[in-house]
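Have a look at the structure below before the remarks.
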Amino acid sequence: MLNLKHILRFLRQNKFLFFIPIFYVFYFCFKESFAYQSYFFRYAFLLFAALLFIFSFKYKKCAKINFFKNISFIISTLLIIYAISNIFFFENYNLGFIFYFVSIFLLFIVLSLYINDIKKIDKLIFGFALCESVICILQIFNVLHLSKTFEITGSSHNPNVTAMFLTLSLISILRLFQNQKTLHKILIIIAIILILFVIFKLASRTAFVGLIIIAVMLFLKKSSKYKTLIISILTVIFLVWAIPKMYEMKQNSADGRLFVWKVSVNLIENQQINGCGYGMLQGAYNQFQGEFIETQPTTATEKYNAEFIFNLMNDYLELSVSGGIVGGILYLLFLVSIIFYGIKKRDNQYFALIAVLVFAVMSCFNICFVSPQIMLLFVYNAAIINRQCHCGLDPQSFENCLRAIAGQARNDTKRMPAMTGIFSFLGVFFLILVSFMVYNQLTFKQIENNLKVKNINIAKEQVKKSFEFVDNELFNRFSGDIFFAEKDFEKSKQYYQKSLLYVFHPAVLIKMARCETALQNYKNAESYLKKAANVQPMLFTPDFDLMMLYYKTGNIDKAKKAANRILTKPRKYTSEKIDYYKDIALKISEFGHNRAESPIINSAGLCPARIGNQRRKP
């Protein structure tokens with residue numbers, strides 16, 4: 001019988017589980033302080049990786065892996081070098097994303113060498129999965145509200161990320177289930193049922209695909225003379241019934257992804273070998289999408305579902321766009337090498353192989369690489385597989401090479417000074433870098449709040465205190481907003497132009513157009529508004545501003561055409577602002593070719609002379 005004594009004994013034996021409530025308290029207290037809440041997890045990942053680099057060397061003996069014969073080690077090293085080379089070969093780059101990228105593969109190397117207590121880490125993952133499930137349950141019953149967009153998200157801002165995290169967590173929970181007592185097995189089964197319930201409520205099709213793979217792989221592990229027949233039947237059912245049903249669940253979302261992948265393939269072909277640079281995807285892709293919609297034939301469905309894109313919903317395409325064909329191939333080879341080792345050692349680490357396969361398939365349909373909580377689970381299971389692939393310790397091994405370099409040949413029970421020094425330096429460097437990034441995020445959040453309440457001078461001082469070499473997109477956008485508020489439109493343009501290199505967002509394009517309008521560069525203003533309309537065709541603000549621009553410059557025919565686009569454009573959501581736009585568009589479409597015939601612009605409070613100074617959000 002489970003009682004308080006058993007619980008206290010369990011907590012005393014697993015003190016590391018106290019990390020879970022500490023993390024959630026820290027998260028819920030500080031996530032609102034970040035300019036981008038999603039960056040919290042990325043910075044937490046960087047901090048975790050840096051700390052692990054420093055403290056992982058408490059183990060006196062590392063795995064005896066021949067570095068120069070281990071394909072995964074070689075490819076991960078090449079990926080690290082390739083990512084760092086972005087800093088030197090690209091004029092614009094996102095330093096935070098590059099170091100996040102580097103940390104992933106450094107973490108893989110460190111865990112492969114030093115990971116020892118798999119059971120303890122599985123318990124930690126189980127704890128996080130249970131906490132996420134409880135948070136989702138509270139959201140289901142309207143006790144907790146964390147997102148303005150979705151009803152159920154867990155602690156993440158994206159329900160798909162939470163669902164995929166829980167799906168991958170099931171692997172660790174099932175591995176933990178194997179060697180438990182009967183009472184503990186019952187409790188784990190109850191937890192699994194709860195987690196599965198939450199995954200289905202999150203309604204993530206990618207997570208459903210992951211669950212199907214887990215079920216099939218567990219079935220394949222069991223011997224059965226009807227295995228081939230049953231797998232064939234399940235495959236037919238999946239292709240004929242499951243895929244169409246999942247498509248129908250969120251048809252607009254599926255159509256949107258298909259269009260994103262279509263544009264991405266064209267962008268990769270256009271870039272050929274070199275990519276846009278790690279962390280520069282949003283700027284490069286959205287600019288190309290606008291040009292693609294303008295120059296290539298696109299259907300009404302594609303235009304309806306075209307949005308400003310943060311991620312490509314396919315890791316292989318995303319890393320090929322960012323890192324070019326070389327970066328995409330290296331990452332694919334890394335995954336293939338891990339799967340190869342997993343199949344080779346499947347008798348020892350079958351669950352880790354399942355996790356890697358689930359991750360590899362889910363990466364085809366969603367954002368896994370850029371989601372730190374999902375990447376941690378992948379790297380952990382990949383390291384478990386790689387650790388099993390020993391080639392024996394010989395004079396050419398990585399460990400002995402480092403000892404020779406350091407001039408400190410010691411036995412296996414001693415620490416390796418060269419390796420400890422290298423990773424300790426990286427750890428300290430990452431800690432300093434992450435500190436700069438976190439400071440910037442906190443500062444930028446304050447700047448954003450001050451700009452909202454028109455405290456321009458305070459915001460200007462805060463921008464001066466921020467670090468320009470990290471988070472350049474926010475630095476440039478907020479600097480542009482400050483000079484825009486001060487009506488220094490030339491300087492504002494310069495900063496907005498730099499911001500567009502990182503994030504080719506319609507909102508920034510509209511601000512650029514309003515700067516050009518205020519400077520009476522009407523052709524340039526028209527060009528920026530058309531670009532904004534092409535990036536996100538269902539957005540109303542670019543057409544509204546175009547209509548007002550044409551009206552101001554006396555081009556009534558074009559103003560009426562813009563008004564008709566506003567009136568005939570389908571809504572994707574309800575908004576008072578859209579109602580207002582349609583009302584003004586209706587009035588403009590009804591009057592003649594003489595502006596004096598209609599005083600509606602002035603009566604609406606939108607005097608053409610002031611159009612460049614409007615602060616409407618798109």
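Starting from 1 in every chain, residues are counted up; chains themselves are A, B, ... following the order of the structure tokens, and ligands are numbered from 1 as listed.
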Checklist line | Distance query Gln373 of chain A at most 8 Å, only C-alpha atoms, self and fewer than 5 positions along chain excluded, as a list in words | finding: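 Non-adjacent residues within range: Phe41, Phe45 and Phe165 of chain A.
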Margin query: What parts of segment 438-580 of chain A does DSSP call alpha helix (DSSP H)? I'd like the answer as a count of residues only.
Written below: 110
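Among A:Ala383, A:Ile374, A:Leu218, A:Ile152, the residue with the shortest atom-to-atom distance to Leu166 of chain A, counting only C-alpha atoms, is A:Ile374.
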Margin query: Let me make sure I understand: among A:Ile338, A:Lys523, A:Glu486, A:Leu501, which one has the smallest atom-to-atom distance to Tyr285 of chain A if we use only C-alpha atoms?
Written below: A:Leu501
